[in-house]
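**Q** Have a peek at target.tsv (TSV, C-alpha atoms).
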```
chain	number	residue	atom	x	y	z
R	1	MET	CA	57.67	40.00	-39.13
R	2	ASN	CA	56.74	36.42	-39.98
R	3	LEU	CA	58.93	34.37	-37.68
R	4	LYS	CA	57.63	31.11	-39.14
R	5	ASP	CA	59.58	31.85	-42.33
R	6	LEU	CA	62.73	31.44	-40.23
R	7	ILE	CA	61.74	28.25	-38.39
R	8	ARG	CA	62.60	25.10	-40.30
R	9	ASP	CA	60.79	21.76	-40.06
R	10	VAL	CA	63.17	18.81	-39.67
R	11	PRO	CA	61.33	15.48	-39.83
R	12	ASP	CA	62.26	12.50	-37.65
R	13	PHE	CA	64.46	14.40	-35.23
R	14	PRO	CA	65.50	13.51	-32.60
R	15	GLU	CA	63.41	10.35	-33.12
R	16	PRO	CA	61.26	8.90	-35.91
R	17	GLY	CA	57.86	10.57	-36.02
R	18	ILE	CA	58.96	13.83	-34.36
R	19	LEU	CA	58.76	16.94	-36.55
R	20	PHE	CA	61.43	19.17	-35.04
R	21	LYS	CA	61.20	22.97	-35.17
R	22	ASP	CA	64.70	24.18	-36.03
R	23	ILE	CA	65.30	27.76	-34.90
R	24	THR	CA	68.82	28.11	-36.31
R	25	PRO	CA	67.63	30.08	-39.39
R	26	LEU	CA	66.03	32.61	-37.03
R	27	LEU	CA	69.23	32.92	-34.97
R	28	LYS	CA	71.10	33.70	-38.20
R	29	ALA	CA	68.73	36.62	-38.96
R	30	PRO	CA	69.79	39.46	-36.62
R	31	ALA	CA	66.63	41.54	-37.19
R	32	ALA	CA	64.39	38.59	-36.38
R	33	PHE	CA	66.39	37.56	-33.30
R	34	ARG	CA	66.30	41.18	-32.11
R	35	TYR	CA	62.53	41.25	-32.76
R	36	VAL	CA	62.00	38.17	-30.59
R	37	ILE	CA	63.96	39.59	-27.65
R	38	ASP	CA	62.17	42.95	-27.99
R	39	ARG	CA	58.76	41.25	-27.90
R	40	PHE	CA	59.71	39.36	-24.73
R	41	ALA	CA	61.09	42.55	-23.17
R	42	ASP	CA	58.01	44.58	-24.14
R	43	HIS	CA	55.74	42.03	-22.49
R	44	TYR	CA	57.67	41.79	-19.22
R	45	ARG	CA	59.13	45.28	-18.79
R	46	ASN	CA	56.23	46.53	-16.68
R	47	ARG	CA	55.40	43.26	-15.01
R	48	PRO	CA	56.96	42.33	-11.66
R	49	VAL	CA	60.00	40.19	-12.49
R	50	ASP	CA	63.12	39.97	-10.31
R	51	VAL	CA	65.09	37.19	-12.00
R	52	ILE	CA	65.31	35.70	-15.52
R	53	LEU	CA	65.77	31.95	-15.58
R	54	GLY	CA	67.09	30.32	-18.75
R	55	ILE	CA	66.65	26.62	-19.41
R	56	GLU	CA	69.62	24.75	-20.90
R	57	ALA	CA	70.57	24.86	-23.69
R	58	ARG	CA	68.46	26.75	-26.24
R	59	GLY	CA	66.69	28.68	-23.49
R	60	PHE	CA	70.05	30.33	-22.77
R	61	LEU	CA	69.96	31.92	-26.24
R	62	PHE	CA	66.86	33.92	-25.35
R	63	ALA	CA	67.20	34.31	-21.58
R	64	ALA	CA	70.65	35.91	-21.68
R	65	PRO	CA	69.79	38.80	-24.04
R	66	LEU	CA	66.44	39.28	-22.28
R	67	ALA	CA	68.09	39.51	-18.86
R	68	LEU	CA	70.51	42.11	-20.18
R	69	GLN	CA	67.77	44.08	-21.89
R	70	LEU	CA	65.64	44.15	-18.74
R	71	GLY	CA	68.66	44.66	-16.45
R	72	LYS	CA	67.76	41.61	-14.37
R	73	PRO	CA	69.85	38.79	-12.90
R	74	LEU	CA	70.21	35.69	-15.07
R	75	VAL	CA	70.01	32.20	-13.56
R	76	PRO	CA	70.77	29.04	-15.54
R	77	VAL	CA	68.72	25.86	-15.10
R	78	ARG	CA	70.78	22.95	-16.32
R	79	LYS	CA	70.61	19.23	-16.94
R	80	LYS	CA	71.57	17.03	-13.99
R	81	GLY	CA	75.25	17.14	-13.05
R	82	LYS	CA	76.18	20.30	-14.93
R	83	LEU	CA	75.95	22.92	-12.17
R	84	PRO	CA	78.98	22.95	-9.87
R	85	PHE	CA	77.56	24.33	-6.60
R	86	THR	CA	74.88	22.76	-4.36
R	87	THR	CA	71.66	22.24	-6.30
R	88	HIS	CA	67.99	21.42	-6.16
R	89	SER	CA	66.88	18.83	-8.71
R	90	VAL	CA	63.54	17.89	-10.30
R	91	GLU	CA	62.95	14.87	-12.54
R	92	TYR	CA	60.40	15.03	-15.34
R	93	ALA	CA	59.14	13.35	-18.53
R	94	LEU	CA	60.11	14.76	-21.93
R	95	GLU	CA	58.26	14.57	-25.24
R	96	TYR	CA	60.80	11.84	-26.01
R	97	GLY	CA	62.41	10.33	-22.88
R	98	GLU	CA	63.17	11.49	-19.35
R	99	ALA	CA	65.47	14.05	-17.79
R	100	ALA	CA	66.24	16.02	-14.65
R	101	VAL	CA	66.92	19.72	-14.30
R	102	GLU	CA	68.80	21.51	-11.55
R	103	VAL	CA	69.26	24.99	-10.19
R	104	HIS	CA	71.78	26.29	-7.66
R	105	THR	CA	70.36	26.51	-4.16
R	106	ASP	CA	71.50	30.15	-3.94
R	107	ALA	CA	70.10	31.11	-7.36
R	108	VAL	CA	66.78	32.58	-6.26
R	109	ALA	CA	66.09	34.32	-2.94
R	110	PRO	CA	62.86	33.59	-1.06
R	111	GLY	CA	59.98	35.58	-2.52
R	112	GLU	CA	61.77	36.56	-5.73
R	113	ARG	CA	59.57	36.60	-8.83
R	114	VAL	CA	61.07	34.52	-11.60
R	115	LEU	CA	60.47	34.56	-15.34
R	116	LEU	CA	61.31	31.22	-17.02
R	117	VAL	CA	62.54	31.32	-20.61
R	118	ASP	CA	62.85	28.46	-23.10
R	119	ASP	CA	62.73	28.06	-26.86
R	120	VAL	CA	59.81	25.62	-27.22
R	121	LEU	CA	56.77	24.64	-25.19
R	122	ALA	CA	55.96	21.07	-26.21
R	123	THR	CA	54.42	18.78	-23.56
R	124	GLY	CA	55.39	21.31	-20.89
R	125	GLY	CA	57.50	18.88	-18.86
R	126	THR	CA	60.63	21.01	-18.87
R	127	LEU	CA	58.90	24.26	-17.97
R	128	ALA	CA	56.77	22.58	-15.30
R	129	ALA	CA	59.96	21.14	-13.79
R	130	GLY	CA	61.53	24.59	-13.93
R	131	ALA	CA	58.52	26.05	-12.12
R	132	GLN	CA	58.80	23.33	-9.46
R	133	LEU	CA	62.49	24.18	-9.04
R	134	ILE	CA	61.71	27.84	-8.45
R	135	GLU	CA	59.17	26.97	-5.81
R	136	ALA	CA	61.62	24.50	-4.22
R	137	VAL	CA	64.10	27.34	-3.66
R	138	GLY	CA	61.39	29.65	-2.30
R	139	GLY	CA	60.75	31.78	-5.37
R	140	GLN	CA	57.52	32.62	-7.18
R	141	VAL	CA	56.81	32.00	-10.87
R	142	ALA	CA	56.20	35.42	-12.45
R	143	GLY	CA	55.76	34.06	-15.96
R	144	LEU	CA	56.87	31.71	-18.72
R	145	ALA	CA	58.17	32.89	-22.09
R	146	VAL	CA	58.80	30.69	-25.12
R	147	LEU	CA	59.41	31.39	-28.76
R	148	ILE	CA	57.34	28.43	-30.02
R	149	GLU	CA	54.24	26.74	-28.62
R	150	LEU	CA	53.17	23.35	-30.01
R	151	VAL	CA	49.53	23.80	-29.17
R	152	ASP	CA	48.24	20.27	-29.78
R	153	LEU	CA	50.64	18.87	-27.18
R	154	HIS	CA	48.70	20.83	-24.51
R	155	GLY	CA	51.80	21.90	-22.56
R	156	ARG	CA	49.83	24.88	-21.27
R	157	ASP	CA	47.67	22.51	-19.24
R	158	LEU	CA	50.67	21.46	-17.13
R	159	LEU	CA	51.58	25.03	-16.29
R	160	GLY	CA	48.60	26.05	-14.18
R	161	SER	CA	47.56	29.68	-14.18
R	162	HIS	CA	51.02	31.15	-14.77
R	163	ASP	CA	51.32	33.96	-17.32
R	164	LEU	CA	52.53	32.23	-20.50
R	165	LEU	CA	53.80	34.13	-23.53
R	166	SER	CA	54.48	32.30	-26.81
R	167	LEU	CA	55.40	34.27	-29.93
R	168	VAL	CA	54.69	31.56	-32.52
R	169	GLN	CA	52.10	28.80	-32.37
R	170	TYR	CA	51.92	25.54	-34.35
R	171	PRO	CA	49.18	22.89	-34.13
J	1	MET	CA	85.10	46.25	-12.38
J	2	ASN	CA	86.72	43.25	-10.71
J	3	LEU	CA	85.07	40.31	-12.41
J	4	LYS	CA	87.00	37.84	-10.24
J	5	ASP	CA	84.86	38.90	-7.26
J	6	LEU	CA	81.92	37.32	-9.14
J	7	ILE	CA	83.61	34.06	-10.19
J	8	ARG	CA	83.40	31.36	-7.55
J	9	ASP	CA	85.89	28.53	-7.04
J	10	VAL	CA	84.19	25.13	-6.67
J	11	PRO	CA	86.71	22.39	-5.77
J	12	ASP	CA	86.51	18.85	-7.17
J	13	PHE	CA	84.01	19.60	-9.93
J	14	PRO	CA	83.24	17.92	-12.24
J	15	GLU	CA	85.95	15.50	-11.05
J	16	PRO	CA	88.28	15.25	-8.03
J	17	GLY	CA	91.24	17.57	-8.42
J	18	ILE	CA	89.52	20.04	-10.76
J	19	LEU	CA	88.99	23.56	-9.36
J	20	PHE	CA	85.94	24.74	-11.29
J	21	LYS	CA	85.36	28.42	-12.06
J	22	ASP	CA	81.65	29.03	-11.45
J	23	ILE	CA	80.33	32.04	-13.36
J	24	THR	CA	76.79	31.94	-11.99
J	25	PRO	CA	77.45	34.79	-9.49
J	26	LEU	CA	78.53	36.96	-12.43
J	27	LEU	CA	75.39	36.09	-14.42
J	28	LYS	CA	73.33	37.19	-11.42
J	29	ALA	CA	74.99	40.64	-11.43
J	30	PRO	CA	73.43	42.55	-14.35
J	31	ALA	CA	76.05	45.33	-14.38
J	32	ALA	CA	78.88	42.82	-14.53
J	33	PHE	CA	77.24	40.70	-17.21
J	34	ARG	CA	76.58	43.86	-19.23
J	35	TYR	CA	80.23	44.90	-18.73
J	36	VAL	CA	81.46	41.56	-20.12
J	37	ILE	CA	79.32	41.81	-23.24
J	38	ASP	CA	80.35	45.45	-23.76
J	39	ARG	CA	84.05	44.54	-23.53
J	40	PHE	CA	83.60	41.82	-26.16
J	41	ALA	CA	81.60	44.17	-28.37
J	42	ASP	CA	84.16	46.98	-28.01
J	43	HIS	CA	86.95	44.65	-29.06
J	44	TYR	CA	85.21	43.24	-32.13
J	45	ARG	CA	83.04	46.15	-33.30
J	46	ASN	CA	85.67	47.44	-35.72
J	47	ARG	CA	87.21	44.11	-36.61
J	48	PRO	CA	85.99	42.12	-39.62
J	49	VAL	CA	83.45	39.65	-38.22
J	50	ASP	CA	80.51	38.26	-40.22
J	51	VAL	CA	79.13	35.60	-37.86
J	52	ILE	CA	79.15	34.97	-34.09
J	53	LEU	CA	79.48	31.34	-33.13
J	54	GLY	CA	78.48	30.25	-29.62
J	55	ILE	CA	79.66	27.00	-28.11
J	56	GLU	CA	77.12	24.96	-26.13
J	57	ALA	CA	76.12	25.49	-23.43
J	58	ARG	CA	77.71	28.34	-21.47
J	59	GLY	CA	79.09	29.90	-24.64
J	60	PHE	CA	75.47	30.58	-25.64
J	61	LEU	CA	75.12	32.93	-22.65
J	62	PHE	CA	77.75	35.27	-24.07
J	63	ALA	CA	77.45	34.67	-27.82
J	64	ALA	CA	73.73	35.49	-28.01
J	65	PRO	CA	73.90	38.95	-26.42
J	66	LEU	CA	77.10	39.72	-28.32
J	67	ALA	CA	75.52	38.78	-31.67
J	68	LEU	CA	72.57	41.04	-30.93
J	69	GLN	CA	74.79	43.90	-29.81
J	70	LEU	CA	76.93	43.67	-32.95
J	71	GLY	CA	73.92	42.97	-35.19
J	72	LYS	CA	75.51	39.77	-36.53
J	73	PRO	CA	74.11	36.30	-37.24
J	74	LEU	CA	74.36	33.80	-34.38
J	75	VAL	CA	75.34	30.19	-35.02
J	76	PRO	CA	75.24	27.48	-32.34
J	77	VAL	CA	77.92	24.83	-32.07
J	78	ARG	CA	76.49	21.91	-30.15
J	79	LYS	CA	77.42	18.58	-28.66
J	80	LYS	CA	77.04	15.60	-30.97
J	81	GLY	CA	73.46	14.67	-31.83
J	82	LYS	CA	71.81	17.92	-30.72
J	83	LEU	CA	71.55	19.80	-34.02
J	84	PRO	CA	68.66	18.62	-36.20
J	85	PHE	CA	69.84	19.45	-39.74
J	86	THR	CA	72.83	18.02	-41.60
J	87	THR	CA	76.04	18.67	-39.67
J	88	HIS	CA	79.80	18.64	-39.72
J	89	SER	CA	81.37	17.03	-36.66
J	90	VAL	CA	84.78	17.23	-34.96
J	91	GLU	CA	85.94	15.02	-32.09
J	92	TYR	CA	88.33	16.36	-29.47
J	93	ALA	CA	89.85	15.77	-26.03
J	94	LEU	CA	88.53	17.72	-23.03
J	95	GLU	CA	90.32	18.71	-19.84
J	96	TYR	CA	88.38	15.77	-18.36
J	97	GLY	CA	87.14	13.28	-20.98
J	98	GLU	CA	86.26	13.36	-24.68
J	99	ALA	CA	83.53	14.94	-26.74
J	100	ALA	CA	82.45	15.91	-30.25
J	101	VAL	CA	81.01	19.19	-31.45
J	102	GLU	CA	78.85	19.84	-34.48
J	103	VAL	CA	77.70	22.72	-36.62
J	104	HIS	CA	75.03	22.81	-39.31
J	105	THR	CA	76.46	22.51	-42.82
J	106	ASP	CA	74.57	25.66	-43.84
J	107	ALA	CA	75.64	27.67	-40.80
J	108	VAL	CA	78.61	29.50	-42.31
J	109	ALA	CA	79.00	30.51	-45.96
J	110	PRO	CA	82.36	30.08	-47.71
J	111	GLY	CA	84.70	32.94	-46.82
J	112	GLU	CA	82.68	34.24	-43.89
J	113	ARG	CA	84.71	35.48	-40.95
J	114	VAL	CA	83.62	33.82	-37.72
J	115	LEU	CA	84.11	34.88	-34.11
J	116	LEU	CA	83.96	31.94	-31.67
J	117	VAL	CA	82.65	32.63	-28.17
J	118	ASP	CA	82.88	30.42	-25.07
J	119	ASP	CA	83.00	30.94	-21.33
J	120	VAL	CA	86.35	29.36	-20.47
J	121	LEU	CA	89.59	28.60	-22.28
J	122	ALA	CA	91.12	25.62	-20.48
J	123	THR	CA	93.16	23.16	-22.55
J	124	GLY	CA	91.77	24.71	-25.72
J	125	GLY	CA	90.28	21.48	-27.06
J	126	THR	CA	86.76	22.82	-27.46
J	127	LEU	CA	87.77	26.07	-29.15
J	128	ALA	CA	90.28	24.30	-31.40
J	129	ALA	CA	87.52	21.89	-32.46
J	130	GLY	CA	85.24	24.86	-33.09
J	131	ALA	CA	87.92	26.46	-35.28
J	132	GLN	CA	88.26	23.19	-37.21
J	133	LEU	CA	84.50	23.12	-37.73
J	134	ILE	CA	84.51	26.62	-39.18
J	135	GLU	CA	87.25	25.71	-41.61
J	136	ALA	CA	85.43	22.47	-42.52
J	137	VAL	CA	82.41	24.49	-43.68
J	138	GLY	CA	84.59	26.95	-45.59
J	139	GLY	CA	84.70	29.81	-43.12
J	140	GLN	CA	87.61	31.74	-41.64
J	141	VAL	CA	88.36	32.18	-37.95
J	142	ALA	CA	88.18	35.92	-37.23
J	143	GLY	CA	88.81	35.57	-33.51
J	144	LEU	CA	88.14	33.76	-30.26
J	145	ALA	CA	86.55	35.38	-27.22
J	146	VAL	CA	86.32	33.89	-23.74
J	147	LEU	CA	85.48	35.27	-20.35
J	148	ILE	CA	88.09	33.20	-18.48
J	149	GLU	CA	91.51	31.93	-19.51
J	150	LEU	CA	93.25	29.27	-17.38
J	151	VAL	CA	96.75	30.29	-18.41
J	152	ASP	CA	98.74	27.35	-17.02
J	153	LEU	CA	96.77	24.89	-19.15
J	154	HIS	CA	98.30	26.53	-22.25
J	155	GLY	CA	95.11	26.43	-24.32
J	156	ARG	CA	96.43	29.37	-26.32
J	157	ASP	CA	99.11	27.11	-27.80
J	158	LEU	CA	96.44	24.97	-29.52
J	159	LEU	CA	94.82	27.97	-31.17
J	160	GLY	CA	97.56	29.08	-33.51
J	161	SER	CA	97.79	32.75	-34.42
J	162	HIS	CA	94.09	33.54	-34.11
J	163	ASP	CA	93.14	36.73	-32.27
J	164	LEU	CA	92.24	35.59	-28.74
J	165	LEU	CA	90.52	37.84	-26.22
J	166	SER	CA	90.14	36.73	-22.59
J	167	LEU	CA	88.75	39.13	-20.01
J	168	VAL	CA	89.94	37.33	-16.87
J	169	GLN	CA	93.07	35.23	-16.41
J	170	TYR	CA	93.89	32.66	-13.75
J	171	PRO	CA	97.13	30.65	-13.38
```
For the structure just supplied, provide its representation as structure tokens.
**A**
Amino acid sequence: MNLKDLIRDVPDFPEPGILFKDITPLLKAPAAFRYVIDRFADHYRNRPVDVILGIEARGFLFAAPLALQLGKPLVPVRKKGKLPFTTHSVEYALEYGEAAVEVHTDAVAPGERVLLVDDVLATGGTLAAGAQLIEAVGGQVAGLAVLIELVDLHGRDLLGSHDLLSLVQYP
Amino acid sequence: MNLKDLIRDVPDFPEPGILFKDITPLLKAPAAFRYVIDRFADHYRNRPVDVILGIEARGFLFAAPLALQLGKPLVPVRKKGKLPFTTHSVEYALEYGEAAVEVHTDAVAPGERVLLVDDVLATGGTLAAGAQLIEAVGGQVAGLAVLIELVDLHGRDLLGSHDLLSLVQYP
């Protein structure tokens, strides 16, 4: 299946000069969306993963079905101020701007192996912040899964030696 | 299964006087999360639904697995400024504040029957705005599915005669 046929380029979003990868055509194609979740599940089914962590907001779209398919707990990482219970927080730089992400302090038990899921790996800031969050609550990063990797932004370099799975690569 | 055992009360979030229903314990319980998606799927499997629409952000957690389970297209409704392609927009009042939601103009074809999915029905503002969006792009509301209904806020009254499924009710 050629997933790139279902990923649309939108120029100058969210800012001039950014070529945005729009995944909404893929979400509207049930066979393709199913294919993506199956590929993630195939990769991680026999690897040691205790918890699936989805990064707000588009990461939720992939993390939730994957957690159900693997029968693992799902933990949301959210933008600052969105989670109601006590949280850990990490600030980071985005491809365009700055942000902070948070996780509940009771989300991951010490020693649990956590798979982080997001839609796109760009500069890697969000996923690196997610990995820091996991370590802040005592967990271990078991892997990182994204639909799209923007290779020329070198996000991989921020993510150390963690297992990183991307299903589609662009320059 | 008693889902209420996995929904945590957090007082004074996001504002003083609001008793927030925190679903993160439920998301961490794979059997319960699976049960929720199965109940939604059971209810809608034999009803006429063409498209599953998930409302950012927590609605994504339920809409994505449900769309996969029913084999239907998934469409995200997002906060203003988050969707990259051309959009329709509806402004609405929240339980605490104001907001606008958007959907891509090509998300729903004329006549398609759309099931809206969110985590909580409170005052109904978000779901009513979602229903308006569907009608603005030519679709029909086939139903509304939420995990939690806060009955005393009378959100149901805003939603007309649409089929509304809530799995857990609180006063």
**Q** What's the 9 Å shell around Phe85 in chain R, counting all atoms listed in the file, without same-chain residues fewer than 4 positions away, as a count of residues only?
**A** 6
**Q** At a cut-off of 10 Å, using only C-alpha atoms, what residues contact Phe20 in chain R? Leave out same-chain residues fewer than 4 positions from it and give the result as a list in words.
**A**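 The contact residues come out as Ile7, Arg8, Asp9, Val10, Pro11, Asp12, Phe13, Pro14 and Glu15 of chain R; Pro84 and Phe85 of chain J.
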**Q** Leu94 in chain R: which residues within 7 Å, counting only C-alpha atoms, same-chain residues fewer than 4 positions away excluded, as a PyMOL selection string?
**A** chain R and resi 98-99+125-126
**Q** Which of these residues is nearest to Val103 in chain R, using all atoms listed in the file: R:Leu115, R:Ala129, R:Leu121, R:Tyr170?
**A** R:Ala129
**Q** What are the residues of chain J lining chain R at 6 Å or less? Count all atoms listed in the file, and put the answer as a list in words.
**A** Leu27, Lys28, Ala29, Pro30, Ala57, Phe60, Leu61, Ala64, Pro65, Gly71, Lys72, Pro73 and Leu74 of chain J
**Q** What does the structure give for the distance between CA of His43 in chain J and CA of Leu147 in chain J, in Å to one decimal?
**A** 12.9 Å
**Q** Enclose range 102-105 of chain R, meaning all of its atoms listed in the file, in a box aligned along x, y and z, pad it by 8 Å on each side, and list the centre and edge lengths in Å to one decimal, as JSON.
**A**
```
{"center_x": 70.3, "center_y": 24.0, "center_z": -7.9, "size_x": 19.0, "size_y": 21.0, "size_z": 23.4}
```
**Q** Which of these residues is nearest to Arg47 in chain R, using only C-alpha atoms: R:Gly160, R:Gly143, R:Pro171, R:Gly17?
**A** R:Gly143
**Q** Given the choices J:His88, J:His162, J:His154, J:Arg113, which gets closest to Ala136 in chain J if the distance is worked out from all atoms listed in the file?
**A**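 Residue with the minimum atom-to-atom distance to Ala136 in chain J: J:His88.
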**Q** Between CA of Met1 in chain R and CA of Tyr35 in chain R, what is the distance in Å, rounded to a tenth?
**A** 8.1 Å
**Q** Quick one: distance from CA of Leu150 in chain J to CA of Asp42 in chain J in Å, one decimal?
**A**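 Between CA of Leu150 in chain J and CA of Asp42 in chain J the gap works out to 22.6 Å.
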**Q** For Gln140 in chain R, list every protein, DNA or RNA residue within 12 Å, evaluated using all atoms listed in the file, and leave out those in the same chain fewer than 5 positions away; present the list as a list in words.
**A** Pro48, Val49, Asp50, Val51, Ile52, Leu53, Val108, Ala109, Pro110, Gly111, Glu112, Arg113, Val114, Leu115, Leu116, Gly130, Ala131, Gln132, Leu133, Ile134, Glu135, His162 and Asp163 of chain R
**Q** Considering only C-alpha atoms, return as a tab-separated table (two decimals) with C-alpha atoms, in the coordinates of the input whatever protein or nucleic-acid residues lie within 8 Å of Ala145 in chain R, sequence-local ones (same chain, fewer than 6 positions apart) excluded.
**A**
```
chain	number	residue	atom	x	y	z
R	40	PHE	CA	59.71	39.36	-24.73
R	115	LEU	CA	60.47	34.56	-15.34
R	116	LEU	CA	61.31	31.22	-17.02
R	117	VAL	CA	62.54	31.32	-20.61
R	118	ASP	CA	62.85	28.46	-23.10
R	164	LEU	CA	52.53	32.23	-20.50
R	165	LEU	CA	53.80	34.13	-23.53
R	166	SER	CA	54.48	32.30	-26.81
```
